[in-house]
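For reference, data_36.pdb is printed below; it contains PDB, C-alpha atoms and all ligand atoms.
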MODEL        1
ATOM      1  CA  MET B 197       0.000   0.000   0.000
ATOM      2  CA  THR B 198       1.358   3.410  -0.908
ATOM      3  CA  GLU B 199       0.797   6.521   1.189
ATOM      4  CA  PRO B 200      -1.928   8.972   0.094
ATOM      5  CA  ILE B 201      -0.910  11.818  -2.179
ATOM      6  CA  GLU B 202      -0.990  14.401   0.671
ATOM      7  CA  ASN B 203       1.989  12.628   2.231
ATOM      8  CA  HIS B 204       4.114  13.116  -0.883
ATOM      9  CA  LYS B 205       6.394  16.116  -1.258
ATOM     10  CA  ASN B 206       5.641  17.902  -4.557
ATOM     11  CA  SER B 207       2.373  15.880  -4.913
ATOM     12  CA  VAL B 208       4.193  13.280  -7.032
ATOM     13  CA  LYS B 209       3.683   9.657  -6.044
ATOM     14  CA  THR B 210       4.798   7.758  -9.157
ATOM     15  CA  VAL B 211       7.824   8.248 -11.390
ATOM     16  CA  VAL B 212       7.633   6.333 -14.671
ATOM     17  CA  VAL B 213      10.949   5.084 -16.052
ATOM     18  CA  PRO B 214      10.696   3.768 -19.607
ATOM     19  CA  ALA B 215      13.381   1.105 -19.885
ATOM     20  CA  ALA B 216      12.059  -1.293 -22.505
ATOM     21  CA  GLY B 217      14.087   0.008 -25.447
ATOM     22  CA  LEU B 218      16.443  -2.272 -27.347
ATOM     23  CA  GLY B 219      19.620  -0.324 -26.562
ATOM     24  CA  THR B 220      21.010  -1.004 -30.034
ATOM     25  CA  ARG B 221      23.592   1.777 -29.795
ATOM     26  CA  PHE B 222      25.226  -0.125 -26.979
ATOM     27  CA  LEU B 223      25.624  -3.521 -28.639
ATOM     28  CA  PRO B 224      27.288  -5.916 -28.023
ATOM     29  CA  ALA B 225      27.135  -5.045 -24.273
ATOM     30  CA  THR B 226      23.328  -4.931 -24.395
ATOM     31  CA  LYS B 227      23.012  -8.372 -25.982
ATOM     32  CA  ARG B 228      22.484  -9.754 -22.439
ATOM     33  CA  VAL B 229      22.906  -6.818 -20.031
ATOM     34  CA  PRO B 230      20.251  -4.068 -20.018
ATOM     35  CA  LYS B 231      21.902  -0.675 -20.563
ATOM     36  CA  GLU B 232      20.146   0.643 -17.436
ATOM     37  CA  LEU B 233      22.375  -1.674 -15.369
ATOM     38  CA  LEU B 234      25.671  -0.478 -16.835
ATOM     39  CA  PRO B 235      27.618   1.181 -14.011
ATOM     40  CA  VAL B 236      28.482   4.850 -13.867
ATOM     41  CA  VAL B 237      31.652   4.305 -11.776
ATOM     42  CA  ASP B 238      30.003   1.660  -9.532
ATOM     43  CA  THR B 239      26.295   2.512  -9.603
ATOM     44  CA  PRO B 240      23.849   1.436 -12.338
ATOM     45  CA  GLY B 241      22.161   4.325 -14.164
ATOM     46  CA  ILE B 242      18.742   3.093 -12.988
ATOM     47  CA  GLU B 243      19.795   3.528  -9.338
ATOM     48  CA  LEU B 244      20.817   7.146 -10.009
ATOM     49  CA  ILE B 245      17.294   7.678 -11.390
ATOM     50  CA  ALA B 246      15.722   5.991  -8.347
ATOM     51  CA  GLU B 247      17.709   8.356  -6.120
ATOM     52  CA  GLU B 248      16.437  11.389  -8.043
ATOM     53  CA  ALA B 249      12.845  10.065  -7.904
ATOM     54  CA  ALA B 250      13.052   9.523  -4.147
ATOM     55  CA  GLN B 251      14.502  13.001  -3.678
ATOM     56  CA  LEU B 252      11.576  14.446  -5.630
ATOM     57  CA  GLY B 253       9.279  12.826  -3.070
ATOM     58  CA  ALA B 254       7.937   9.882  -5.090
ATOM     59  CA  SER B 255       7.358   6.529  -3.407
ATOM     60  CA  ARG B 256       6.806   4.384  -6.515
ATOM     61  CA  LEU B 257       9.069   3.783  -9.492
ATOM     62  CA  ALA B 258       7.087   2.260 -12.362
ATOM     63  CA  ILE B 259       9.764   0.684 -14.532
ATOM     64  CA  ILE B 260       8.632  -0.162 -18.060
ATOM     65  CA  THR B 261      10.527  -3.295 -19.005
ATOM     66  CA  ALA B 262      10.731  -5.656 -21.926
ATOM     67  CA  PRO B 263      10.258  -9.401 -21.296
ATOM     68  CA  GLN B 264      14.017 -10.058 -21.667
ATOM     69  CA  LYS B 265      15.012  -7.195 -19.315
ATOM     70  CA  SER B 266      13.710  -8.472 -15.954
ATOM     71  CA  ASP B 267      17.141  -7.964 -14.358
ATOM     72  CA  VAL B 268      16.407  -4.229 -14.205
ATOM     73  CA  LEU B 269      13.646  -4.925 -11.644
ATOM     74  CA  ALA B 270      15.772  -7.530  -9.875
ATOM     75  CA  HIS B 271      18.211  -4.746  -8.985
ATOM     76  CA  PHE B 272      15.526  -3.390  -6.598
ATOM     77  CA  GLU B 273      14.797  -6.745  -4.944
ATOM     78  CA  ALA B 274      16.299  -8.063  -1.710
ATOM     79  CA  TYR B 275      19.308 -10.371  -2.060
ATOM     80  CA  PRO B 276      19.494 -12.148   1.340
ATOM     81  CA  GLU B 277      22.296 -14.612   0.405
ATOM     82  CA  LEU B 278      24.676 -11.809  -0.575
ATOM     83  CA  VAL B 279      23.617  -9.665   2.408
ATOM     84  CA  ASN B 280      24.292 -12.550   4.826
ATOM     85  CA  THR B 281      27.693 -13.289   3.311
ATOM     86  CA  LEU B 282      28.724  -9.627   3.499
ATOM     87  CA  ARG B 283      27.472  -9.375   7.110
ATOM     88  CA  GLU B 284      29.396 -12.522   8.130
ATOM     89  CA  ARG B 285      32.544 -11.093   6.583
ATOM     90  CA  GLY B 286      32.064  -7.720   8.253
ATOM     91  CA  LYS B 287      31.860  -5.893   4.904
ATOM     92  CA  LEU B 288      29.330  -3.340   6.130
ATOM     93  CA  ASP B 289      30.021  -0.628   3.523
ATOM     94  CA  GLN B 290      29.391  -3.092   0.710
ATOM     95  CA  LEU B 291      26.293  -4.386   2.510
ATOM     96  CA  ARG B 292      24.852  -0.863   2.589
ATOM     97  CA  LYS B 293      25.500  -0.583  -1.172
ATOM     98  CA  VAL B 294      23.656  -3.861  -1.853
ATOM     99  CA  GLU B 295      20.610  -2.780   0.185
ATOM    100  CA  ARG B 296      20.478   0.804  -1.029
ATOM    101  CA  ALA B 297      18.309   0.407  -4.155
ATOM    102  CA  GLU B 298      15.505  -1.541  -2.446
ATOM    103  CA  LYS B 299      15.396   0.988   0.411
ATOM    104  CA  LEU B 300      15.249   4.032  -1.868
ATOM    105  CA  ILE B 301      11.851   3.433  -3.451
ATOM    106  CA  ASP B 302       9.196   0.821  -4.234
ATOM    107  CA  ALA B 303       9.967  -0.372  -7.786
ATOM    108  CA  VAL B 304       7.079  -1.957  -9.682
ATOM    109  CA  PRO B 305       7.269  -3.590 -13.105
ATOM    110  CA  VAL B 306       5.164  -2.620 -16.111
ATOM    111  CA  LYS B 307       5.648  -4.999 -19.038
ATOM    112  CA  GLN B 308       5.909  -3.667 -22.577
ATOM    113  CA  ASP B 309       5.818  -6.731 -24.820
ATOM    114  CA  GLN B 310       7.010  -4.928 -27.944
ATOM    115  CA  PRO B 311       9.007  -1.707 -28.329
ATOM    116  CA  LEU B 312       6.224   0.331 -29.938
ATOM    117  CA  GLY B 313       7.678   3.653 -28.852
ATOM    118  CA  LEU B 314       8.177   5.939 -25.848
ATOM    119  CA  GLY B 315       4.550   7.141 -26.015
ATOM    120  CA  HIS B 316       3.283   3.559 -25.908
ATOM    121  CA  ALA B 317       5.624   2.768 -22.993
ATOM    122  CA  VAL B 318       4.453   5.751 -20.906
ATOM    123  CA  GLY B 319       0.781   4.948 -21.677
ATOM    124  CA  LEU B 320       1.118   1.512 -20.089
ATOM    125  CA  ALA B 321       1.984   3.078 -16.718
ATOM    126  CA  GLU B 322      -1.582   4.353 -16.216
ATOM    127  CA  ALA B 323      -2.478   0.870 -14.922
ATOM    128  CA  VAL B 324      -0.324   1.297 -11.784
ATOM    129  CA  LEU B 325      -1.465   4.812 -10.805
ATOM    130  CA  ASP B 326      -3.833   5.359  -7.873
ATOM    131  CA  ASP B 327      -7.011   7.431  -8.223
ATOM    132  CA  ASP B 328      -5.515  10.268  -6.147
ATOM    133  CA  GLU B 329      -2.662  10.919  -8.638
ATOM    134  CA  ASP B 330      -3.381  13.745 -11.076
ATOM    135  CA  VAL B 331       0.197  14.117 -12.254
ATOM    136  CA  VAL B 332       2.809  11.622 -13.322
ATOM    137  CA  ALA B 333       6.554  12.217 -13.545
ATOM    138  CA  VAL B 334       8.576  10.597 -16.312
ATOM    139  CA  MET B 335      12.360  10.247 -16.088
ATOM    140  CA  LEU B 336      14.299   8.767 -18.981
ATOM    141  CA  PRO B 337      17.098   6.613 -17.572
ATOM    142  CA  ASP B 338      19.444   7.580 -20.421
ATOM    143  CA  ASP B 339      19.453  11.174 -19.212
ATOM    144  CA  ILE B 340      21.333  12.251 -16.130
ATOM    145  CA  VAL B 341      20.434  15.850 -15.289
ATOM    146  CA  MET B 342      22.692  17.559 -12.780
ATOM    147  CA  PRO B 343      22.584  18.897 -10.209
ATOM    148  CA  MET B 344      19.537  16.962  -9.004
ATOM    149  CA  GLY B 345      16.545  19.120  -8.140
ATOM    150  CA  VAL B 346      15.267  20.396 -11.477
ATOM    151  CA  MET B 347      12.071  18.368 -10.972
ATOM    152  CA  ASP B 348      11.383  20.269  -7.722
ATOM    153  CA  GLU B 349      11.535  23.464  -9.760
ATOM    154  CA  MET B 350       9.181  21.903 -12.328
ATOM    155  CA  ALA B 351       6.718  20.903  -9.554
ATOM    156  CA  ARG B 352       6.781  24.465  -8.202
ATOM    157  CA  LEU B 353       5.933  25.771 -11.678
ATOM    158  CA  ARG B 354       3.098  23.259 -12.125
ATOM    159  CA  ALA B 355       1.607  24.303  -8.773
ATOM    160  CA  GLU B 356       1.616  27.899 -10.079
ATOM    161  CA  LYS B 357       0.544  27.428 -13.710
ATOM    162  CA  GLY B 358      -1.172  24.008 -13.811
ATOM    163  CA  GLY B 359      -0.947  21.683 -16.809
ATOM    164  CA  SER B 360       2.337  19.974 -17.661
ATOM    165  CA  VAL B 361       5.936  21.062 -17.179
ATOM    166  CA  LEU B 362       8.987  19.775 -19.040
ATOM    167  CA  CYS B 363      12.711  20.276 -18.644
ATOM    168  CA  ALA B 364      14.644  21.967 -21.456
ATOM    169  CA  PHE B 365      18.270  22.582 -22.304
ATOM    170  CA  GLU B 366      19.568  25.205 -24.706
ATOM    171  CA  VAL B 367      21.820  23.586 -27.344
ATOM    172  CA  PRO B 368      23.820  24.950 -30.306
ATOM    173  CA  HIS B 369      21.737  25.328 -33.468
ATOM    174  CA  ASP B 370      23.521  22.511 -35.338
ATOM    175  CA  GLU B 371      22.561  19.978 -32.632
ATOM    176  CA  VAL B 372      18.792  20.569 -32.502
ATOM    177  CA  SER B 373      17.918  17.840 -35.000
ATOM    178  CA  ASN B 374      18.865  15.152 -32.442
ATOM    179  CA  TYR B 375      16.062  16.194 -30.088
ATOM    180  CA  GLY B 376      12.428  17.131 -29.531
ATOM    181  CA  VAL B 377      12.422  20.928 -30.009
ATOM    182  CA  PHE B 378      10.068  23.441 -28.337
ATOM    183  CA  ASP B 379       8.281  26.346 -29.993
ATOM    184  CA  VAL B 380       8.036  28.851 -27.139
ATOM    185  CA  GLU B 381       6.779  32.247 -25.968
ATOM    186  CA  GLU B 382       8.251  34.447 -23.218
ATOM    187  CA  CYS B 383       6.201  34.459 -20.021
ATOM    188  CA  GLY B 384       7.973  36.812 -17.650
ATOM    189  CA  GLU B 385      10.558  34.535 -15.982
ATOM    190  CA  ASP B 386      14.112  34.116 -17.322
ATOM    191  CA  THR B 387      14.201  30.352 -16.934
ATOM    192  CA  VAL B 388      10.592  29.608 -17.893
ATOM    193  CA  ARG B 389       8.791  29.628 -21.272
ATOM    194  CA  LYS B 390       5.272  28.797 -22.357
ATOM    195  CA  VAL B 391       5.295  26.042 -24.993
ATOM    196  CA  VAL B 392       3.127  26.666 -28.059
ATOM    197  CA  GLY B 393       4.318  23.673 -30.089
ATOM    198  CA  MET B 394       6.778  20.815 -30.143
ATOM    199  CA  VAL B 395       8.541  19.042 -33.029
ATOM    200  CA  GLU B 396      10.414  15.725 -32.860
ATOM    201  CA  LYS B 397      13.929  15.867 -34.395
ATOM    202  CA  PRO B 398      13.358  18.658 -36.971
ATOM    203  CA  ASP B 399      15.918  19.718 -39.604
ATOM    204  CA  ALA B 400      18.075  22.490 -38.125
ATOM    205  CA  ASP B 401      16.658  25.186 -40.448
ATOM    206  CA  GLU B 402      13.103  24.234 -39.518
ATOM    207  CA  ALA B 403      13.647  24.106 -35.755
ATOM    208  CA  PRO B 404      11.462  26.641 -33.913
ATOM    209  CA  SER B 405      14.071  27.308 -31.165
ATOM    210  CA  ASN B 406      17.269  26.030 -29.538
ATOM    211  CA  PHE B 407      15.374  24.705 -26.509
ATOM    212  CA  VAL B 408      15.288  20.923 -26.563
ATOM    213  CA  ALA B 409      13.577  18.335 -24.411
ATOM    214  CA  THR B 410      15.680  16.398 -21.986
ATOM    215  CA  GLY B 411      14.359  13.320 -20.204
ATOM    216  CA  ARG B 412      12.346  14.925 -17.391
ATOM    217  CA  TYR B 413       8.585  15.406 -17.645
ATOM    218  CA  LEU B 414       5.847  16.314 -15.183
ATOM    219  CA  LEU B 415       2.717  15.380 -17.059
ATOM    220  CA  ASP B 416      -0.893  16.012 -16.235
ATOM    221  CA  ARG B 417      -2.877  12.790 -16.063
ATOM    222  CA  SER B 418      -4.724  13.835 -19.240
ATOM    223  CA  ILE B 419      -1.568  12.696 -21.111
ATOM    224  CA  PHE B 420      -2.943   9.144 -21.006
ATOM    225  CA  ASP B 421      -6.071  10.186 -22.856
ATOM    226  CA  ALA B 422      -3.922  12.014 -25.444
ATOM    227  CA  LEU B 423      -1.693   8.936 -25.829
ATOM    228  CA  ARG B 424      -4.760   6.859 -26.690
ATOM    229  CA  ARG B 425      -5.670   9.316 -29.448
ATOM    230  CA  ILE B 426      -2.354   9.610 -31.316
ATOM    231  CA  THR B 427      -1.235   7.445 -34.220
ATOM    232  CA  PRO B 428       2.304   6.198 -34.940
ATOM    233  CA  GLY B 429       4.636   9.074 -35.854
ATOM    234  CA  LYS B 430       8.393   9.341 -36.534
ATOM    235  CA  GLY B 431       9.962   5.902 -37.011
ATOM    236  CA  GLY B 432       6.506   4.253 -36.956
ATOM    237  CA  GLU B 433       6.498   4.577 -33.145
ATOM    238  CA  LEU B 434       3.944   6.148 -30.797
ATOM    239  CA  GLN B 435       5.748   9.335 -29.797
ATOM    240  CA  LEU B 436       5.311  11.033 -26.403
ATOM    241  CA  THR B 437       6.067  14.319 -28.187
ATOM    242  CA  ASP B 438       2.985  13.866 -30.413
ATOM    243  CA  ALA B 439       0.713  13.397 -27.384
ATOM    244  CA  ILE B 440       2.144  16.535 -25.739
ATOM    245  CA  GLU B 441       1.686  18.440 -29.011
ATOM    246  CA  LEU B 442      -1.957  17.277 -29.083
ATOM    247  CA  LEU B 443      -2.529  18.566 -25.533
ATOM    248  CA  ILE B 444      -0.996  21.934 -26.497
ATOM    249  CA  GLU B 445      -3.295  22.189 -29.548
ATOM    250  CA  GLU B 446      -6.267  21.590 -27.267
ATOM    251  CA  GLY B 447      -5.270  24.489 -24.992
ATOM    252  CA  HIS B 448      -3.679  22.515 -22.150
ATOM    253  CA  PRO B 449      -0.956  24.679 -20.535
ATOM    254  CA  VAL B 450       2.582  23.360 -21.085
ATOM    255  CA  HIS B 451       5.692  25.166 -19.796
ATOM    256  CA  ILE B 452       9.403  24.423 -19.771
ATOM    257  CA  VAL B 453      11.986  25.063 -17.108
ATOM    258  CA  ILE B 454      15.290  25.883 -18.828
ATOM    259  CA  HIS B 455      17.878  24.020 -16.822
ATOM    260  CA  ASP B 456      21.204  25.724 -16.388
ATOM    261  CA  GLY B 457      23.171  22.654 -15.373
ATOM    262  CA  LYS B 458      24.850  19.624 -16.813
ATOM    263  CA  ARG B 459      23.361  16.719 -18.716
ATOM    264  CA  HIS B 460      24.833  13.331 -19.533
ATOM    265  CA  ASP B 461      23.441  10.971 -22.166
ATOM    266  CA  LEU B 462      24.018   7.407 -20.996
ATOM    267  CA  GLY B 463      22.247   5.975 -24.047
ATOM    268  CA  ASN B 464      25.312   5.821 -26.302
ATOM    269  CA  PRO B 465      28.921   4.805 -25.584
ATOM    270  CA  GLY B 466      30.349   8.296 -26.253
ATOM    271  CA  GLY B 467      28.050  10.000 -23.741
ATOM    272  CA  PHE B 468      28.395   7.156 -21.275
ATOM    273  CA  ILE B 469      32.200   7.376 -21.212
ATOM    274  CA  ARG B 470      31.991  11.122 -20.561
ATOM    275  CA  ALA B 471      29.586  10.519 -17.654
ATOM    276  CA  CYS B 472      31.919   7.908 -16.162
ATOM    277  CA  VAL B 473      34.876  10.301 -16.408
ATOM    278  CA  ASP B 474      32.864  13.176 -14.907
ATOM    279  CA  PHE B 475      31.549  11.096 -11.983
ATOM    280  CA  GLY B 476      34.936   9.363 -11.653
ATOM    281  CA  LEU B 477      36.821  12.667 -11.325
ATOM    282  CA  ASP B 478      34.520  13.653  -8.434
ATOM    283  CA  HIS B 479      34.946  10.312  -6.674
ATOM    284  CA  PRO B 480      37.004  10.620  -3.463
ATOM    285  CA  GLU B 481      38.753   7.268  -3.979
ATOM    286  CA  TYR B 482      39.192   7.091  -7.756
ATOM    287  CA  GLY B 483      39.227  10.806  -8.678
ATOM    288  CA  PRO B 484      42.888  11.733  -8.014
ATOM    289  CA  GLY B 485      44.273   8.645  -9.829
ATOM    290  CA  LEU B 486      41.881   9.099 -12.750
ATOM    291  CA  LYS B 487      42.928  12.736 -13.162
ATOM    292  CA  ARG B 488      46.615  11.749 -13.270
ATOM    293  CA  ALA B 489      45.925   8.918 -15.722
ATOM    294  CA  ILE B 490      43.942  11.178 -18.080
ATOM    295  CA  LYS B 491      46.732  13.792 -18.031
ATOM    296  CA  GLU B 492      49.332  11.106 -18.808
ATOM    297  CA  MET B 493      47.264   9.628 -21.650
ATOM    298  CA  LEU B 494      46.754  13.077 -23.208
ATOM    299  CA  ALA B 495      50.450  13.963 -22.821
ATOM    300  CA  GLU B 496      51.481  10.653 -24.400
ATOM    301  CA  ARG B 497      49.232  11.259 -27.416
ATOM    302  CA  GLU B 498      50.515  14.816 -27.737
ATOM    303  CA  SER B 499      54.162  13.729 -27.717
ATOM    304  CA  LYS B 500      53.470  10.908 -30.240
ATOM    305  CA  LYS B 501      51.842  13.482 -32.521
ATOM    306  CA  ARG B 502      54.862  15.810 -32.250
ATOM    307  CA  ARG B 503      57.215  12.939 -33.073
ATOM    308  CA  GLY B 504      55.034  12.245 -36.154
TER     309      GLY B 504
HETATM  310  P1  LIG B 601      15.594   5.336 -27.262
HETATM  311  O1  LIG B 601      15.092   4.970 -28.605
HETATM  312  O2  LIG B 601      16.455   6.535 -27.141
HETATM  313  O3  LIG B 601      16.393   4.131 -26.585
HETATM  314  O4  LIG B 601      14.352   5.469 -26.277
HETATM  315  P2  LIG B 601      16.597   2.625 -26.989
HETATM  316  O5  LIG B 601      15.567   2.147 -27.927
HETATM  317  O6  LIG B 601      16.738   1.878 -25.713
HETATM  318  O7  LIG B 601      18.063   2.644 -27.598
HETATM  319  P3  LIG B 601      18.651   2.528 -29.077
HETATM  320  O8  LIG B 601      18.147   3.734 -29.810
HETATM  321  O9  LIG B 601      18.184   1.211 -29.642
HETATM  322  O10 LIG B 601      20.131   2.548 -28.841
HETATM  323  C1  LIG B 601      14.277   6.440 -25.227
HETATM  324  C2  LIG B 601      13.794   5.806 -23.942
HETATM  325  O11 LIG B 601      12.515   5.195 -24.113
HETATM  326  C3  LIG B 601      12.533   3.832 -23.755
HETATM  327  C4  LIG B 601      13.995   3.407 -23.842
HETATM  328  O12 LIG B 601      14.246   2.306 -22.958
HETATM  329  C5  LIG B 601      14.718   4.685 -23.434
HETATM  330  O13 LIG B 601      14.776   4.809 -22.019
HETATM  331  N1  LIG B 601      11.638   3.104 -24.677
HETATM  332  C6  LIG B 601      11.720   3.341 -26.006
HETATM  333  C7  LIG B 601      10.726   2.191 -24.178
HETATM  334  O14 LIG B 601      10.649   1.961 -22.937
HETATM  335  N2  LIG B 601       9.906   1.539 -25.054
HETATM  336  C8  LIG B 601       9.952   1.763 -26.395
HETATM  337  O15 LIG B 601       9.159   1.140 -27.130
HETATM  338  C9  LIG B 601      10.890   2.685 -26.888
ENDMDL
END
Translate the structure of the given file into structure tokens.
Ligand code: UTP
Amino acid sequence: MTEPIENHKNSVKTVVVPAAGLGTRFLPATKRVPKELLPVVDTPGIELIAEEAAQLGASRLAIITAPQKSDVLAHFEAYPELVNTLRERGKLDQLRKVERAEKLIDAVPVKQDQPLGLGHAVGLAEAVLDDDEDVVAVMLPDDIVMPMGVMDEMARLRAEKGGSVLCAFEVPHDEVSNYGVFDVEECGEDTVRKVVGMVEKPDADEAPSNFVATGRYLLDRSIFDALRRITPGKGGELQLTDAIELLIEEGHPVHIVIHDGKRHDLGNPGGFIRACVDFGLDHPEYGPGLKRAIKEMLAERESKKRRG
């Protein structure tokens, strides 16, 4: 039994984490291991998301999984054999690490039998919501948004303006075609815009702005109704962007918070390596050695280049 909505900070009870994608950009690693379990230093990406969801105030993590990706859920289950062994050996720090995920939040599975798109995945989560939830948060596990806390800002904005609130980053013009791009109007706050339209991965010269969606959404419950009414879009998939666009057309208020922080994309090897280096450099145990090693590797390449 979950607590009633009044007991949840920010009035968010459930965070939906779509994790049923194929992870093709990460093959061959993702042949057997779900990309959400790949470690950033020593912690799987999905646990970083669970930490952010718990900090937002949510008590339930609805993880959308594919039939062959049940290990993602298993990461949030108790593991008594390992716990007992670690306790017997006095390895209490490691024991705390093993138990951390299950203590953070209540993870529940939502099965997506076929990867029919992000919109389809999010739509399936309606089945686990309680009647007292009128908003649902969505966090894409590929996206690490730092520092944590942007969703608190988004919840504050929703309390003020109603409707749905999304997180945006400003990117250089030549990068917009990799993202969902917002068409926006000023609305009196530096870091907030009203959204008047949204386009999935437009050509750079057709993009309405440089503000792009990153994987954090605070969606009014009416999103589920919109998701039932859209048809397959880009790539033949049901797109979350199309459902949001439909809500905007029907006059539902949608705003963005422009986040002035860092973002890591764990969904492809290039972005993942950068995240590992960034987190690794901040790590008290591994940071100093990693910094030295990176300097040495760069110096070695530089001197090889000079020698021709
Ligand atoms: P992506 O298309 O970026 O990720 O989906 P992917 O499919 O896992 O990876 P590639 O492109 O093959 O390398 C964005 C997010 O939506 C989820 C993915 O798991 C990812 O978190 N998703 C996507 C689903 O849960 N179901 C889908 O049908 C599609």
Proximity of chain B to ligand LIG 601 (chain B): per-residue shortest pair, 9 Å limit, all atoms listed in the file, as a tab-separated table:
residue	atom	partner	partner_atom	distance
B:Val213	CA	B:LIG601	O13	7.1
B:Pro214	CA	B:LIG601	O14	3.8
B:Ala215	CA	B:LIG601	O12	3.4
B:Ala216	CA	B:LIG601	O14	3.6
B:Gly217	CA	B:LIG601	O6	3.3
B:Leu218	CA	B:LIG601	O6	4.5
B:Gly219	CA	B:LIG601	O7	3.5
B:Thr220	CA	B:LIG601	O9	3.6
B:Arg221	CA	B:LIG601	O10	3.7
B:Phe222	CA	B:LIG601	O10	6.0
B:Leu223	CA	B:LIG601	O10	8.2
B:Pro230	CA	B:LIG601	O6	9.0
B:Lys231	CA	B:LIG601	O6	7.7
B:Glu232	CA	B:LIG601	O13	8.2
B:Ile259	CA	B:LIG601	O14	8.5
B:Ile260	CA	B:LIG601	O14	5.7
B:Thr261	CA	B:LIG601	O14	6.6
B:Ala262	CA	B:LIG601	O14	7.7
B:Gln308	CA	B:LIG601	N2	7.0
B:Asp309	CA	B:LIG601	O15	8.9
B:Gln310	CA	B:LIG601	O15	6.5
B:Pro311	CA	B:LIG601	O15	3.1
B:Leu312	CA	B:LIG601	O15	4.1
B:Gly313	CA	B:LIG601	O15	3.4
B:Leu314	CA	B:LIG601	C9	4.4
B:Gly315	CA	B:LIG601	C8	7.6
B:His316	CA	B:LIG601	O15	6.5
B:Ala317	CA	B:LIG601	N2	4.9
B:Val318	CA	B:LIG601	O14	7.5
B:Met335	CA	B:LIG601	O13	8.4
B:Leu336	CA	B:LIG601	O13	5.0
B:Pro337	CA	B:LIG601	O13	5.3
B:Asp338	CA	B:LIG601	O13	5.7
B:Asp339	CA	B:LIG601	O13	8.4
B:Gly411	CA	B:LIG601	C2	8.4
B:Glu433	CA	B:LIG601	O15	7.4
B:Leu434	CA	B:LIG601	O15	8.1
B:Gln435	CA	B:LIG601	C9	8.9
B:Gly463	CA	B:LIG601	O10	6.3
B:Asn464	CA	B:LIG601	O10	6.6
Assuming the chain letters and numbering stay as they are in my file, what does the PyMOL selection byres (((chain B and resi 371) around 10) and not hetatm) actually select? List them as an mmCIF file with C-alpha atoms, in the frame of the given file.
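Everything below was put into selection23.cif:
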data_model
loop_
_atom_site.group_PDB
_atom_site.id
_atom_site.type_symbol
_atom_site.label_atom_id
_atom_site.label_comp_id
_atom_site.auth_asym_id
_atom_site.auth_seq_id
_atom_site.Cartn_x
_atom_site.Cartn_y
_atom_site.Cartn_z
ATOM 1 C CA GLU B 366 19.568 25.205 -24.706
ATOM 2 C CA VAL B 367 21.820 23.586 -27.344
ATOM 3 C CA PRO B 368 23.820 24.950 -30.306
ATOM 4 C CA HIS B 369 21.737 25.328 -33.468
ATOM 5 C CA ASP B 370 23.521 22.511 -35.338
ATOM 6 C CA VAL B 372 18.792 20.569 -32.502
ATOM 7 C CA SER B 373 17.918 17.840 -35.000
ATOM 8 C CA ASN B 374 18.865 15.152 -32.442
ATOM 9 C CA TYR B 375 16.062 16.194 -30.088
ATOM 10 C CA LYS B 397 13.929 15.867 -34.395
ATOM 11 C CA ASP B 399 15.918 19.718 -39.604
ATOM 12 C CA ALA B 400 18.075 22.490 -38.125
ATOM 13 C CA ASN B 406 17.269 26.030 -29.538
ATOM 14 C CA VAL B 408 15.288 20.923 -26.563
#
Considering all atoms listed in the file, return as a PyMOL selection string whatever protein or nucleic-acid residues lie within 9 Å of Ala297 of chain B, sequence-local ones (same chain, fewer than 5 positions apart) excluded. chain B and resi 243+246-247+271-273
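The coordinates place atom CA of Glu402 of chain B at 11.6 Å from atom CA of Phe378 of chain B.
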Would you list the residues near (12.1, 9.6, -10.7), meaning any protein, DNA or RNA residue with an atom at most 12 Å from that point in file coordinates, counting only C-alpha atoms, as a tab-separated table (two decimals) with C-alpha atoms, in the coordinates of the input?
chain	number	residue	atom	x	y	z
B	208	VAL	CA	4.19	13.28	-7.03
B	209	LYS	CA	3.68	9.66	-6.04
B	210	THR	CA	4.80	7.76	-9.16
B	211	VAL	CA	7.82	8.25	-11.39
B	212	VAL	CA	7.63	6.33	-14.67
B	213	VAL	CA	10.95	5.08	-16.05
B	214	PRO	CA	10.70	3.77	-19.61
B	241	GLY	CA	22.16	4.32	-14.16
B	242	ILE	CA	18.74	3.09	-12.99
B	243	GLU	CA	19.80	3.53	-9.34
B	244	LEU	CA	20.82	7.15	-10.01
B	245	ILE	CA	17.29	7.68	-11.39
B	246	ALA	CA	15.72	5.99	-8.35
B	247	GLU	CA	17.71	8.36	-6.12
B	248	GLU	CA	16.44	11.39	-8.04
B	249	ALA	CA	12.84	10.06	-7.90
B	250	ALA	CA	13.05	9.52	-4.15
B	251	GLN	CA	14.50	13.00	-3.68
B	252	LEU	CA	11.58	14.45	-5.63
B	253	GLY	CA	9.28	12.83	-3.07
B	254	ALA	CA	7.94	9.88	-5.09
B	255	SER	CA	7.36	6.53	-3.41
B	256	ARG	CA	6.81	4.38	-6.52
B	257	LEU	CA	9.07	3.78	-9.49
B	258	ALA	CA	7.09	2.26	-12.36
B	259	ILE	CA	9.76	0.68	-14.53
B	300	LEU	CA	15.25	4.03	-1.87
B	301	ILE	CA	11.85	3.43	-3.45
B	302	ASP	CA	9.20	0.82	-4.23
B	303	ALA	CA	9.97	-0.37	-7.79
B	332	VAL	CA	2.81	11.62	-13.32
B	333	ALA	CA	6.55	12.22	-13.54
B	334	VAL	CA	8.58	10.60	-16.31
B	335	MET	CA	12.36	10.25	-16.09
B	336	LEU	CA	14.30	8.77	-18.98
B	337	PRO	CA	17.10	6.61	-17.57
B	339	ASP	CA	19.45	11.17	-19.21
B	340	ILE	CA	21.33	12.25	-16.13
B	341	VAL	CA	20.43	15.85	-15.29
B	344	MET	CA	19.54	16.96	-9.00
B	345	GLY	CA	16.55	19.12	-8.14
B	346	VAL	CA	15.27	20.40	-11.48
B	347	MET	CA	12.07	18.37	-10.97
B	348	ASP	CA	11.38	20.27	-7.72
B	411	GLY	CA	14.36	13.32	-20.20
B	412	ARG	CA	12.35	14.92	-17.39
B	413	TYR	CA	8.59	15.41	-17.64
B	414	LEU	CA	5.85	16.31	-15.18
